[in-house]
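Notes for the one structure printed next.
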Amino acid sequence: MASSTSHPPVTAARIKTAAVQDDVQQAEADLHDANEELAETVVGTIVTKESVEAALVQNLHVEGQLHDAVKELQAVTELLEIAEGKVAAAGEDTTLAGRRSGEGVNSVLEHMSASSRRRNLKA
């Protein structure tokens, strides 16, 4: 899938991810509101057709938001695959990316053991 913007794939993926996160948070809030309304219904009271319809409409809206989020996340996945392909074509080893960046448990452990070895050599 070609990106509809002029952003590099990783930038476009980041932008889409932020937008999807906002949409999912809104969907969560909408669903919470609908569930609160349903929870406030007292057992034995007469539930109106309008209140059921309102809850149903709100839940259908949330379902649509979540469906759109899934589609956007698929687009993000495709953008990241494109970026991975560009990195691979440039000859970079993507398996070492976390180690080079200093992120992750393995790189921390490697750093700590290297520091320990240096201290032992100085002693």
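Letters A, B, ... go to the chains of the structure tokens in the order shown; residues in each chain start at 1; ligands are counted from 1 in the same order.
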Quick one: contact table of segment 52-95 of chain A to segment 14-30 of chain A, 9 Å max, nearest atom pair and distance in Å to one decimal per residue, counting only C-alpha atoms, chain and number order, as JSON lines?
{"residue": "A:Gln58", "atom": "CA", "partner": "A:Asp30", "partner_atom": "CA", "distance": 6.9}
{"residue": "A:Asn59", "atom": "CA", "partner": "A:Asp30", "partner_atom": "CA", "distance": 7.7}
{"residue": "A:His61", "atom": "CA", "partner": "A:Ala27", "partner_atom": "CA", "distance": 8.0}
{"residue": "A:Val62", "atom": "CA", "partner": "A:Ala27", "partner_atom": "CA", "distance": 5.0}
{"residue": "A:Glu63", "atom": "CA", "partner": "A:Ala27", "partner_atom": "CA", "distance": 8.0}
{"residue": "A:Gly64", "atom": "CA", "partner": "A:Ala27", "partner_atom": "CA", "distance": 9.0}
{"residue": "A:Gln65", "atom": "CA", "partner": "A:Ala27", "partner_atom": "CA", "distance": 6.2}
{"residue": "A:Leu66", "atom": "CA", "partner": "A:Val24", "partner_atom": "CA", "distance": 6.5}
{"residue": "A:Asp68", "atom": "CA", "partner": "A:Val20", "partner_atom": "CA", "distance": 8.4}
{"residue": "A:Ala69", "atom": "CA", "partner": "A:Val20", "partner_atom": "CA", "distance": 5.5}
{"residue": "A:Val70", "atom": "CA", "partner": "A:Val20", "partner_atom": "CA", "distance": 8.5}
{"residue": "A:Glu72", "atom": "CA", "partner": "A:Val20", "partner_atom": "CA", "distance": 6.7}
{"residue": "A:Leu73", "atom": "CA", "partner": "A:Thr17", "partner_atom": "CA", "distance": 7.0}
{"residue": "A:Ala75", "atom": "CA", "partner": "A:Lys16", "partner_atom": "CA", "distance": 8.2}
{"residue": "A:Val76", "atom": "CA", "partner": "A:Lys16", "partner_atom": "CA", "distance": 6.6}
- Query: Neighbours of Pro9 of chain A within 8 Å (only C-alpha atoms; same-chain residues fewer than 3 positions away dropped), as number ranges by chain?
  - Reply: A: 3, 12-13, 79-80, 82-83
- Task: Tell me which protein, DNA and RNA residues are within 12 Å of segment 36-38 of chain A, counting only C-alpha atoms, leaving out same-chain ones fewer than 3 positions away, and put them as number ranges by chain.
- Result: A: 29-33, 41-43, 47-48, 51-56, 58-59
- Message: Rounded to one decimal, what separation in Å do you get between atom CA of Pro8 of chain A and atom CA of His67 of chain A?
- Response: 25.4 Å
- Query: atom CA of Thr11 of chain A to atom CA of Ala89 of chain A: how many Å, to one decimal?
  - Reply: 18.5 Å
